[in-house]
$ cat query-v6.cif   # mmCIF, C-alpha atoms
data_final
#
loop_
_atom_site.label_atom_id
_atom_site.label_comp_id
_atom_site.auth_asym_id
_atom_site.auth_seq_id
_atom_site.Cartn_x
_atom_site.Cartn_y
_atom_site.Cartn_z
CA MET A 661 0.00 0.00 0.00
CA ARG A 662 1.53 3.31 -1.10
CA LEU A 663 -0.66 5.82 0.59
CA GLU A 664 1.32 8.79 -0.70
CA TYR A 665 0.49 7.68 -4.26
CA PHE A 666 -3.05 6.64 -3.38
CA GLN A 667 -2.23 3.10 -4.44
CA LEU A 668 -3.98 0.91 -1.93
CA ILE A 669 -3.82 -2.46 -3.62
CA ASP A 670 -0.66 -4.53 -3.27
CA ARG A 671 -1.48 -7.73 -5.10
CA VAL A 672 -4.27 -9.34 -7.07
CA VAL A 673 -4.82 -12.73 -5.46
CA ALA A 674 -7.55 -13.98 -7.78
CA LEU A 675 -9.53 -12.64 -10.71
CA ASP A 676 -12.40 -14.67 -12.14
CA LEU A 677 -14.00 -13.05 -15.16
CA ASP A 678 -16.62 -15.79 -15.46
CA SER A 679 -18.02 -15.19 -12.00
CA ARG A 680 -16.98 -11.52 -12.18
CA THR A 681 -15.15 -11.53 -8.89
CA ILE A 682 -11.79 -10.32 -7.69
CA GLU A 683 -9.80 -10.73 -4.52
CA VAL A 684 -6.81 -8.58 -3.67
CA GLU A 685 -4.39 -8.08 -0.84
CA ALA A 686 -3.77 -4.68 0.67
CA ASN A 687 -1.28 -4.21 3.46
CA VAL A 688 -1.73 -1.21 5.70
CA PRO A 689 1.72 0.31 6.28
CA VAL A 690 3.20 0.19 9.72
CA SER A 691 4.00 3.88 9.60
CA SER A 692 2.64 6.83 7.69
CA THR A 693 2.22 10.53 8.32
CA ILE A 694 -1.52 9.87 8.07
CA PHE A 695 -1.35 8.10 11.40
CA ASP A 696 0.18 11.18 13.01
CA GLY A 697 -3.16 12.87 12.75
CA HIS A 698 -5.49 9.88 12.60
CA PHE A 699 -5.17 9.69 15.55
CA PRO A 700 -2.47 10.90 17.94
CA GLY A 701 -1.87 8.02 20.32
CA LEU A 702 -4.38 5.81 18.50
CA PRO A 703 -3.20 5.24 14.90
CA LEU A 704 -6.03 3.93 12.73
CA MET A 705 -6.50 3.36 9.02
CA PRO A 706 -9.00 6.08 7.99
CA GLY A 707 -12.39 4.67 7.07
CA VAL A 708 -12.43 6.66 3.83
CA LEU A 709 -9.28 4.82 2.76
CA LEU A 710 -10.95 1.49 3.47
CA LEU A 711 -13.74 2.62 1.17
CA GLU A 712 -11.14 3.67 -1.40
CA ALA A 713 -9.55 0.21 -1.17
CA MET A 714 -12.93 -1.31 -2.06
CA ALA A 715 -13.31 1.20 -4.89
CA GLN A 716 -9.89 0.39 -6.34
CA THR A 717 -10.57 -3.33 -6.04
CA SER A 718 -13.87 -2.91 -7.86
CA GLY A 719 -12.12 -0.75 -10.42
CA TRP A 720 -9.56 -3.40 -11.25
CA LEU A 721 -12.38 -5.89 -11.68
CA THR A 722 -14.11 -3.65 -14.22
CA ILE A 723 -10.83 -3.03 -16.03
CA GLY A 724 -10.44 -6.77 -16.41
CA ILE A 725 -14.01 -7.22 -17.60
CA THR A 726 -13.66 -4.44 -20.18
CA LYS A 727 -10.26 -5.68 -21.36
CA PHE A 728 -8.39 -2.52 -20.41
CA THR A 729 -10.56 -0.43 -22.72
CA ARG A 730 -12.40 1.63 -20.11
CA MET A 731 -11.31 3.57 -17.04
CA PRO A 732 -13.52 3.35 -13.95
CA PHE A 733 -14.34 6.33 -11.77
CA LEU A 734 -16.02 6.08 -8.40
CA ALA A 735 -19.53 7.55 -8.48
CA ALA A 736 -21.34 6.36 -5.36
CA PHE A 737 -21.24 4.30 -2.19
CA LYS A 738 -24.32 2.78 -0.64
CA GLU A 739 -24.76 1.03 2.64
CA ALA A 740 -21.10 1.49 3.49
CA LYS A 741 -20.24 0.04 6.86
CA LEU A 742 -17.03 0.40 8.85
CA ARG A 743 -17.37 -2.37 11.36
CA SER A 744 -14.17 -2.23 13.38
CA PHE A 745 -10.88 -0.41 13.75
CA VAL A 746 -8.03 -1.27 11.40
CA LYS A 747 -4.56 -0.67 12.79
CA PRO A 748 -1.25 -0.03 11.02
CA GLY A 749 0.42 -3.20 9.78
CA THR A 750 -2.86 -5.01 9.13
CA ARG A 751 -3.24 -7.25 6.08
CA LEU A 752 -6.55 -6.66 4.32
CA ALA A 753 -8.29 -9.16 2.07
CA VAL A 754 -10.54 -7.17 -0.26
CA HIS A 755 -13.16 -8.90 -2.36
CA ALA A 756 -15.49 -7.46 -4.98
CA THR A 757 -18.15 -8.84 -7.26
CA VAL A 758 -20.26 -7.30 -10.02
CA GLU A 759 -23.87 -6.78 -9.05
CA HIS A 760 -24.83 -5.21 -12.36
CA GLU A 761 -23.21 -4.01 -15.57
CA GLY A 762 -25.10 -1.12 -17.07
CA SER A 763 -24.43 1.14 -20.02
CA GLY A 764 -21.36 3.06 -18.94
CA PHE A 765 -21.46 1.98 -15.32
CA PHE A 766 -20.99 -0.94 -12.98
CA VAL A 767 -22.55 -1.65 -9.61
CA THR A 768 -20.39 -3.81 -7.37
CA ARG A 769 -20.48 -5.21 -3.89
CA ALA A 770 -17.23 -5.21 -1.98
CA GLN A 771 -16.00 -6.27 1.40
CA ILE A 772 -12.83 -6.21 3.44
CA LYS A 773 -11.83 -8.96 5.80
CA VAL A 774 -9.03 -9.19 8.32
CA GLU A 775 -8.09 -12.74 9.27
CA GLY A 776 -11.50 -13.88 8.05
CA ARG A 777 -13.42 -11.25 9.99
CA LEU A 778 -15.55 -8.74 8.09
CA VAL A 779 -14.41 -5.19 8.86
CA SER A 780 -16.07 -3.22 6.06
CA ASN A 781 -18.51 -3.67 3.19
CA ALA A 782 -20.40 -1.52 0.73
CA GLU A 783 -22.23 -1.32 -2.57
CA LEU A 784 -20.42 0.83 -5.10
CA THR A 785 -21.28 2.48 -8.39
CA LEU A 786 -18.48 3.17 -10.85
CA ARG A 787 -18.83 5.05 -14.09
CA THR A 788 -16.61 3.77 -16.87
CA ILE A 789 -15.46 5.69 -19.92
CA PRO A 790 -13.08 4.81 -22.75
CA PHE A 791 -9.54 5.63 -21.65
CA PRO A 792 -9.26 9.36 -22.33
CA SER A 793 -5.58 9.09 -23.20
CA PRO A 794 -3.08 6.40 -24.16
CA ASP A 795 -0.86 7.64 -21.35
CA LEU A 796 -3.44 6.84 -18.72
CA CYS A 797 -4.01 3.38 -20.18
CA ALA A 798 -0.26 2.75 -20.24
CA SER A 799 0.03 3.88 -16.63
CA MET A 800 -2.73 1.54 -15.58
CA GLU A 801 -1.09 -1.35 -17.44
CA LYS A 802 2.18 -0.61 -15.67
CA LEU A 803 0.41 -0.48 -12.33
CA ALA A 804 -1.43 -3.70 -13.18
CA ALA A 805 1.87 -5.47 -13.74
CA ALA A 806 3.16 -4.18 -10.40
CA ILE A 807 0.23 -5.71 -8.51
CA ALA A 808 0.34 -9.03 -10.38
CA PHE A 809 -2.86 -8.35 -12.26
CA PRO A 810 -3.32 -11.37 -14.58
CA MET A 811 -2.73 -9.69 -17.91
CA GLN A 812 -4.29 -12.58 -19.79
CA ALA A 813 -7.53 -11.07 -18.52
CA ARG A 814 -7.01 -8.38 -21.10
CA ALA A 815 -7.80 -10.92 -23.80
CA GLN A 816 -10.47 -12.78 -21.85
CA GLY A 817 -12.69 -9.91 -20.75
CA ALA A 818 -16.05 -9.09 -22.22
CA ASP A 819 -16.27 -7.23 -25.48
CA PRO A 820 -16.61 -3.53 -24.70
CA MET B 1346 -47.39 1.37 -21.28
CA SER B 1347 -49.27 2.42 -18.17
CA SER B 1348 -47.74 -0.43 -16.23
CA THR B 1349 -44.25 0.52 -17.37
CA PHE B 1350 -44.97 4.14 -16.52
CA ASP B 1351 -46.17 3.26 -13.03
CA THR B 1352 -43.13 1.10 -12.42
CA VAL B 1353 -40.73 3.80 -13.57
CA VAL B 1354 -42.53 6.39 -11.46
CA ASN B 1355 -42.14 4.11 -8.46
CA ILE B 1356 -38.42 3.78 -9.17
CA ILE B 1357 -37.97 7.53 -9.53
CA THR B 1358 -39.89 8.38 -6.37
CA GLU B 1359 -37.90 5.83 -4.39
CA THR B 1360 -34.56 6.87 -5.85
CA CYS B 1361 -34.86 10.65 -6.02
CA ASP B 1362 -37.48 11.60 -3.46
CA ILE B 1363 -39.51 13.34 -6.14
CA PRO B 1364 -43.23 13.67 -5.30
CA ARG B 1365 -45.26 11.19 -7.31
CA ASP B 1366 -47.85 13.72 -8.44
CA THR B 1367 -45.19 15.84 -10.14
CA ILE B 1368 -44.22 13.04 -12.53
CA LYS B 1369 -46.37 13.12 -15.67
CA PRO B 1370 -46.05 11.22 -18.95
CA GLU B 1371 -44.94 14.47 -20.58
CA SER B 1372 -42.35 15.28 -17.89
CA HIS B 1373 -38.75 15.53 -19.02
CA ALA B 1374 -36.65 13.56 -16.54
CA ILE B 1375 -33.81 16.07 -16.60
CA ASN B 1376 -35.36 19.41 -17.48
CA ASP B 1377 -38.64 19.07 -15.57
CA LEU B 1378 -37.88 16.61 -12.78
CA GLY B 1379 -34.32 17.79 -12.19
CA ILE B 1380 -32.82 14.31 -12.17
CA ASP B 1381 -29.05 14.63 -12.43
CA SER B 1382 -26.66 12.17 -14.04
CA LEU B 1383 -25.76 10.39 -10.82
CA ASP B 1384 -29.37 9.90 -9.80
CA PHE B 1385 -30.08 8.71 -13.31
CA LEU B 1386 -27.44 5.99 -12.84
CA ASP B 1387 -29.40 4.75 -9.83
CA ILE B 1388 -32.61 4.89 -11.84
CA ALA B 1389 -30.99 3.08 -14.76
CA PHE B 1390 -29.70 0.41 -12.38
CA ALA B 1391 -33.19 -0.10 -10.96
CA ILE B 1392 -34.84 -0.10 -14.39
CA ASP B 1393 -32.29 -2.55 -15.79
CA LYS B 1394 -32.81 -4.90 -12.85
CA THR B 1395 -36.59 -4.58 -12.78
CA PHE B 1396 -37.14 -5.11 -16.50
CA GLY B 1397 -34.18 -7.41 -17.16
CA ILE B 1398 -32.72 -5.10 -19.78
CA LYS B 1399 -29.68 -2.90 -20.32
CA MET B 1400 -30.70 0.60 -21.28
CA PRO B 1401 -28.18 1.85 -23.86
CA ILE B 1402 -27.62 5.17 -22.12
CA GLU B 1403 -24.22 5.73 -23.70
CA GLN B 1404 -25.65 5.23 -27.17
CA TRP B 1405 -28.52 7.60 -26.44
CA THR B 1406 -26.14 10.21 -25.09
CA GLN B 1407 -23.91 9.88 -28.12
CA GLU B 1408 -26.87 10.32 -30.47
CA VAL B 1409 -27.90 13.46 -28.62
CA ASN B 1410 -24.36 14.84 -28.63
CA GLU B 1411 -24.07 14.20 -32.36
CA GLY B 1412 -27.38 15.91 -33.06
CA LYS B 1413 -28.99 12.70 -34.29
CA ALA B 1414 -31.62 12.76 -31.56
CA THR B 1415 -33.04 15.10 -28.97
CA THR B 1416 -33.10 14.49 -25.25
CA ASP B 1417 -36.91 14.52 -25.50
CA GLN B 1418 -36.79 11.30 -27.49
CA TYR B 1419 -35.19 9.45 -24.61
CA PHE B 1420 -35.87 11.38 -21.44
CA VAL B 1421 -39.49 12.53 -21.67
CA MET B 1422 -41.26 9.98 -19.51
CA HIS B 1423 -43.64 8.51 -22.07
CA ASN B 1424 -40.79 8.20 -24.56
CA LEU B 1425 -38.50 6.64 -21.96
CA CYS B 1426 -41.21 4.10 -21.13
CA ALA B 1427 -41.70 3.36 -24.82
CA ARG B 1428 -37.94 2.70 -25.14
CA ILE B 1429 -38.10 0.38 -22.17
CA ASP B 1430 -41.02 -1.51 -23.70
CA GLU B 1431 -39.06 -1.83 -26.95
CA LEU B 1432 -36.04 -3.22 -25.11
CA VAL B 1433 -38.20 -5.68 -23.19
CA ALA B 1434 -39.89 -6.79 -26.40
CA ALA B 1435 -36.55 -7.14 -28.18
CA LYS B 1436 -35.26 -9.31 -25.38
CA LYS B 1437 -38.29 -11.59 -25.55
CA ALA B 1438 -38.09 -11.89 -29.34
#
$ encode --input "query-v6.cif" --output "structure tokens"
Amino acid sequence: MRLEYFQLIDRVVALDLDSRTIEVEANVPVSSTIFDGHFPGLPLMPGVLLLEAMAQTSGWLTIGITKFTRMPFLAAFKEAKLRSFVKPGTRLAVHATVEHEGSGFFVTRAQIKVEGRLVSNAELTLRTIPFPSPDLCASMEKLAAAIAFPMQARAQGADP
Amino acid sequence: MSSTFDTVVNIITETCDIPRDTIKPESHAINDLGIDSLDFLDIAFAIDKTFGIKMPIEQWTQEVNEGKATTDQYFVMHNLCARIDELVAAKKA
């Protein structure tokens, strides 16, 4: 997890385009300036970053489904729940599945578990648009390689 | 048509908190009812799920942007319901 770059996902553990599910690993850093303020004497992973982790996980799923042709952007959270504190150094297992694929948007359900215990879950809406620039697509492909995104998914995803 | 209209009205009132009696067949979803693009995503999600279709919103938007269609053709309620009926019929065919 590189909080300073807003990259919350460390590794894609599993991506299943048939069942439209993804599981990733995200390791909360042991130290970060974020914990200086959140909170002094009680360092906690901010809840909004847990939500962002679910958004990025869902986003990678949609990128796989659309064969790296469309960029997802977070549009909405529903029924988001932050069930317990997450401390620095915690390993998060983030899972997402597609609830619905609409025209230019996806609705997903995502959850975060720590050692099998549910700590957060939500329903998300992501708009998707064709990559607005080759540079952005190239950056996402580079990032995908860094998190072990199965690049064969690029050929296996649904036709855009 | 009336059944589709009633269903869509239900979806809109539940999604956007718009009073039921303000939604008429001739109402424009955007210009008259004030539904913004994010709320319309929620509505599209609910319509897609309820009717088992996938409204081609991107295609409609592109046609409007290219001047090939007007927003009235897709977003005035009775026209929207007619499009939904067409999509449902096409799926059954």
$ resolve_selection --input "query-v6.cif" --expression "the PyMOL selection byres ((chain B and resi 1375-1392) around 9)" --output "ChimeraX atom specification"
/A:735-736,760-763,765-767,785,787 /B:1352-1353,1356-1357,1360-1361,1363,1367-1368,1372-1374,1393-1400,1402,1416,1420-1421,1429
$ write_last_selection --input "query-v6.cif" --atoms "C-alpha atoms" --output "PDB file, keeping the file's coordinate frame"
ATOM      1  CA  ALA A 735     -19.530   7.550  -8.480  1.00  0.00           C
ATOM      2  CA  ALA A 736     -21.340   6.360  -5.360  1.00  0.00           C
ATOM      3  CA  HIS A 760     -24.830  -5.210 -12.360  1.00  0.00           C
ATOM      4  CA  GLU A 761     -23.210  -4.010 -15.570  1.00  0.00           C
ATOM      5  CA  GLY A 762     -25.100  -1.120 -17.070  1.00  0.00           C
ATOM      6  CA  SER A 763     -24.430   1.140 -20.020  1.00  0.00           C
ATOM      7  CA  PHE A 765     -21.460   1.980 -15.320  1.00  0.00           C
ATOM      8  CA  PHE A 766     -20.990  -0.940 -12.980  1.00  0.00           C
ATOM      9  CA  VAL A 767     -22.550  -1.650  -9.610  1.00  0.00           C
ATOM     10  CA  THR A 785     -21.280   2.480  -8.390  1.00  0.00           C
ATOM     11  CA  ARG A 787     -18.830   5.050 -14.090  1.00  0.00           C
TER      12      ARG A 787
ATOM     13  CA  THR B1352     -43.130   1.100 -12.420  1.00  0.00           C
ATOM     14  CA  VAL B1353     -40.730   3.800 -13.570  1.00  0.00           C
ATOM     15  CA  ILE B1356     -38.420   3.780  -9.170  1.00  0.00           C
ATOM     16  CA  ILE B1357     -37.970   7.530  -9.530  1.00  0.00           C
ATOM     17  CA  THR B1360     -34.560   6.870  -5.850  1.00  0.00           C
ATOM     18  CA  CYS B1361     -34.860  10.650  -6.020  1.00  0.00           C
ATOM     19  CA  ILE B1363     -39.510  13.340  -6.140  1.00  0.00           C
ATOM     20  CA  THR B1367     -45.190  15.840 -10.140  1.00  0.00           C
ATOM     21  CA  ILE B1368     -44.220  13.040 -12.530  1.00  0.00           C
ATOM     22  CA  SER B1372     -42.350  15.280 -17.890  1.00  0.00           C
ATOM     23  CA  HIS B1373     -38.750  15.530 -19.020  1.00  0.00           C
ATOM     24  CA  ALA B1374     -36.650  13.560 -16.540  1.00  0.00           C
ATOM     25  CA  ASP B1393     -32.290  -2.550 -15.790  1.00  0.00           C
ATOM     26  CA  LYS B1394     -32.810  -4.900 -12.850  1.00  0.00           C
ATOM     27  CA  THR B1395     -36.590  -4.580 -12.780  1.00  0.00           C
ATOM     28  CA  PHE B1396     -37.140  -5.110 -16.500  1.00  0.00           C
ATOM     29  CA  GLY B1397     -34.180  -7.410 -17.160  1.00  0.00           C
ATOM     30  CA  ILE B1398     -32.720  -5.100 -19.780  1.00  0.00           C
ATOM     31  CA  LYS B1399     -29.680  -2.900 -20.320  1.00  0.00           C
ATOM     32  CA  MET B1400     -30.700   0.600 -21.280  1.00  0.00           C
ATOM     33  CA  ILE B1402     -27.620   5.170 -22.120  1.00  0.00           C
ATOM     34  CA  THR B1416     -33.100  14.490 -25.250  1.00  0.00           C
ATOM     35  CA  PHE B1420     -35.870  11.380 -21.440  1.00  0.00           C
ATOM     36  CA  VAL B1421     -39.490  12.530 -21.670  1.00  0.00           C
ATOM     37  CA  ILE B1429     -38.100   0.380 -22.170  1.00  0.00           C
TER      38      ILE B1429
END
$ closest_residue --input "query-v6.cif" --among "B:Lys1369, B:Trp1405, B:Asp1351, B:Asp1362" --to "chain A" --atoms "all atoms listed in the file"
B:Trp1405
$ atom_distance --input "query-v6.cif" --atom1 "CA of Leu709 in chain A" --atom2 "CA of Lys802 in chain A"
22.4 Å
$ closest_residue --input "query-v6.cif" --among "A:Arg777, A:Lys747, A:Arg662, A:Lys738" --to "chain B" --atoms "all atoms listed in the file"
A:Lys738
$ closest_residue --input "query-v6.cif" --among "A:Ile723, A:Ala753, A:Ala798, A:Leu734" --to "chain B" --atoms "all atoms listed in the file"
A:Leu734
$ atom_distance --input "query-v6.cif" --atom1 "CA of Pro732 in chain A" --atom2 "CA of Ser799 in chain A"
13.8 Å
$ resolve_selection --input "query-v6.cif" --expression "the PyMOL selection byres ((chain A and resi 714) around 12)" --output "PyMOL selection string"
chain A and resi 667-669+682-686+707-713+715-721+734+736-737+740-742+752-757+768-773+779-786
$ closest_residue --input "query-v6.cif" --among "B:Gln1404, B:Asn1410, B:Tyr1419, B:Ala1438" --to "chain A" --atoms "all atoms listed in the file"
B:Gln1404
$ resolve_selection --input "query-v6.cif" --expression "the PyMOL selection byres ((chain A and resi 687-701) around 7)" --output "short mmCIF file (atom, residue, chain, number, x, y, z; two decimals) with C-alpha atoms, in the coordinates of the input"
data_model
loop_
_atom_site.label_atom_id
_atom_site.label_comp_id
_atom_site.auth_asym_id
_atom_site.auth_seq_id
_atom_site.Cartn_x
_atom_site.Cartn_y
_atom_site.Cartn_z
CA MET A 661 0.00 0.00 0.00
CA ASP A 670 -0.66 -4.53 -3.27
CA GLU A 685 -4.39 -8.08 -0.84
CA ALA A 686 -3.77 -4.68 0.67
CA LEU A 702 -4.38 5.81 18.50
CA PRO A 703 -3.20 5.24 14.90
CA LEU A 704 -6.03 3.93 12.73
CA PRO A 706 -9.00 6.08 7.99
CA PRO A 748 -1.25 -0.03 11.02
CA GLY A 749 0.42 -3.20 9.78
CA THR A 750 -2.86 -5.01 9.13
CA ARG A 751 -3.24 -7.25 6.08
CA LEU A 752 -6.55 -6.66 4.32
#
$ axis_aligned_box --input "query-v6.cif" --around "range 771-783 of chain A" --padding-each-side "6 Å" --output "AutoDock Vina command-line options"
--center_x -15.2 --center_y -7.6 --center_z 3.7 --size_x 26.1 --size_y 24.6 --size_z 24.6
$ residues_around --input "query-v6.cif" --residues "Thr1349 in chain B" --least-positions-apart "4" --cutoff "12 Å" --atoms "all atoms listed in the file" --output "list in words"
Val1353, Val1354, Asn1355, Ile1356, Pro1370, Ile1392, Thr1395, Phe1396, Met1422, His1423, Asn1424, Leu1425, Cys1426, Ala1427, Arg1428, Ile1429, Asp1430, Glu1431, Leu1432 and Val1433 of chain B
$ atom_distance --input "query-v6.cif" --atom1 "CA of Phe791 in chain A" --atom2 "CA of Asp678 in chain A"
23.4 Å
$ closest_residue --input "query-v6.cif" --among "B:Thr1358, B:Glu1371, B:Pro1401, B:Asp1366" --to "chain A" --atoms "all atoms listed in the file"
B:Pro1401
$ closest_residue --input "query-v6.cif" --among "A:Val672, A:Ile789, A:Leu677, A:Val774" --to "chain B" --atoms "all atoms listed in the file"
A:Ile789
$ build_atoms --input "query-v6.cif" --residues "range 681-702 of chain A" --atoms "N, CA and C atoms" --output "PDB file, in the coordinates of the input"
ATOM      1  N   THR A 681     -15.595 -11.788 -10.248  1.00  0.00           N
ATOM      2  CA  THR A 681     -15.150 -11.530  -8.890  1.00  0.00           C
ATOM      3  C   THR A 681     -13.651 -11.284  -8.879  1.00  0.00           C
ATOM      4  N   ILE A 682     -13.212 -10.573  -7.862  1.00  0.00           N
ATOM      5  CA  ILE A 682     -11.790 -10.320  -7.690  1.00  0.00           C
ATOM      6  C   ILE A 682     -11.476 -10.339  -6.202  1.00  0.00           C
ATOM      7  N   GLU A 683     -10.275 -10.805  -5.892  1.00  0.00           N
ATOM      8  CA  GLU A 683      -9.800 -10.730  -4.520  1.00  0.00           C
ATOM      9  C   GLU A 683      -8.386 -10.166  -4.560  1.00  0.00           C
ATOM     10  N   VAL A 684      -8.137  -9.195  -3.709  1.00  0.00           N
ATOM     11  CA  VAL A 684      -6.810  -8.580  -3.670  1.00  0.00           C
ATOM     12  C   VAL A 684      -6.319  -8.503  -2.232  1.00  0.00           C
ATOM     13  N   GLU A 685      -5.016  -8.260  -2.145  1.00  0.00           N
ATOM     14  CA  GLU A 685      -4.390  -8.080  -0.840  1.00  0.00           C
ATOM     15  C   GLU A 685      -3.942  -6.626  -0.727  1.00  0.00           C
ATOM     16  N   ALA A 686      -4.170  -6.069   0.425  1.00  0.00           N
ATOM     17  CA  ALA A 686      -3.770  -4.680   0.670  1.00  0.00           C
ATOM     18  C   ALA A 686      -3.199  -4.602   2.088  1.00  0.00           C
ATOM     19  N   ASN A 687      -1.942  -4.231   2.160  1.00  0.00           N
ATOM     20  CA  ASN A 687      -1.280  -4.210   3.460  1.00  0.00           C
ATOM     21  C   ASN A 687      -1.166  -2.772   3.978  1.00  0.00           C
ATOM     22  N   VAL A 688      -1.799  -2.537   5.085  1.00  0.00           N
ATOM     23  CA  VAL A 688      -1.730  -1.210   5.700  1.00  0.00           C
ATOM     24  C   VAL A 688      -0.307  -1.002   6.211  1.00  0.00           C
ATOM     25  N   PRO A 689       0.330   0.108   5.833  1.00  0.00           N
ATOM     26  CA  PRO A 689       1.720   0.310   6.280  1.00  0.00           C
ATOM     27  C   PRO A 689       1.805   0.433   7.796  1.00  0.00           C
ATOM     28  N   VAL A 690       2.986   0.089   8.272  1.00  0.00           N
ATOM     29  CA  VAL A 690       3.200   0.190   9.720  1.00  0.00           C
ATOM     30  C   VAL A 690       3.293   1.650  10.145  1.00  0.00           C
ATOM     31  N   SER A 691       3.894   2.456   9.256  1.00  0.00           N
ATOM     32  CA  SER A 691       4.000   3.880   9.600  1.00  0.00           C
ATOM     33  C   SER A 691       3.613   4.732   8.410  1.00  0.00           C
ATOM     34  N   SER A 692       3.038   5.865   8.706  1.00  0.00           N
ATOM     35  CA  SER A 692       2.640   6.830   7.690  1.00  0.00           C
ATOM     36  C   SER A 692       2.325   8.133   8.401  1.00  0.00           C
ATOM     37  N   THR A 693       2.556   9.241   7.705  1.00  0.00           N
ATOM     38  CA  THR A 693       2.220  10.530   8.320  1.00  0.00           C
ATOM     39  C   THR A 693       0.717  10.631   8.594  1.00  0.00           C
ATOM     40  N   ILE A 694      -0.064   9.860   7.846  1.00  0.00           N
ATOM     41  CA  ILE A 694      -1.520   9.870   8.070  1.00  0.00           C
ATOM     42  C   ILE A 694      -1.841   9.495   9.511  1.00  0.00           C
ATOM     43  N   PHE A 695      -1.062   8.568  10.037  1.00  0.00           N
ATOM     44  CA  PHE A 695      -1.350   8.100  11.400  1.00  0.00           C
ATOM     45  C   PHE A 695      -0.965   9.133  12.460  1.00  0.00           C
ATOM     46  N   ASP A 696      -0.156  10.119  12.039  1.00  0.00           N
ATOM     47  CA  ASP A 696       0.180  11.180  13.010  1.00  0.00           C
ATOM     48  C   ASP A 696      -1.063  11.953  13.414  1.00  0.00           C
ATOM     49  N   GLY A 697      -1.955  12.101  12.437  1.00  0.00           N
ATOM     50  CA  GLY A 697      -3.160  12.870  12.750  1.00  0.00           C
ATOM     51  C   GLY A 697      -4.378  12.012  12.961  1.00  0.00           C
ATOM     52  N   HIS A 698      -4.301  10.758  12.562  1.00  0.00           N
ATOM     53  CA  HIS A 698      -5.490   9.880  12.600  1.00  0.00           C
ATOM     54  C   HIS A 698      -5.125   8.577  13.291  1.00  0.00           C
ATOM     55  N   PHE A 699      -5.022   8.564  14.649  1.00  0.00           N
ATOM     56  CA  PHE A 699      -5.170   9.690  15.550  1.00  0.00           C
ATOM     57  C   PHE A 699      -3.951   9.707  16.469  1.00  0.00           C
ATOM     58  N   PRO A 700      -3.604  10.849  17.024  1.00  0.00           N
ATOM     59  CA  PRO A 700      -2.470  10.900  17.940  1.00  0.00           C
ATOM     60  C   PRO A 700      -2.665   9.940  19.116  1.00  0.00           C
ATOM     61  N   GLY A 701      -1.760   8.992  19.234  1.00  0.00           N
ATOM     62  CA  GLY A 701      -1.870   8.020  20.320  1.00  0.00           C
ATOM     63  C   GLY A 701      -2.748   6.838  20.006  1.00  0.00           C
ATOM     64  N   LEU A 702      -3.519   6.929  18.920  1.00  0.00           N
ATOM     65  CA  LEU A 702      -4.380   5.810  18.500  1.00  0.00           C
ATOM     66  C   LEU A 702      -4.389   5.738  16.969  1.00  0.00           C
TER      67      LEU A 702
END
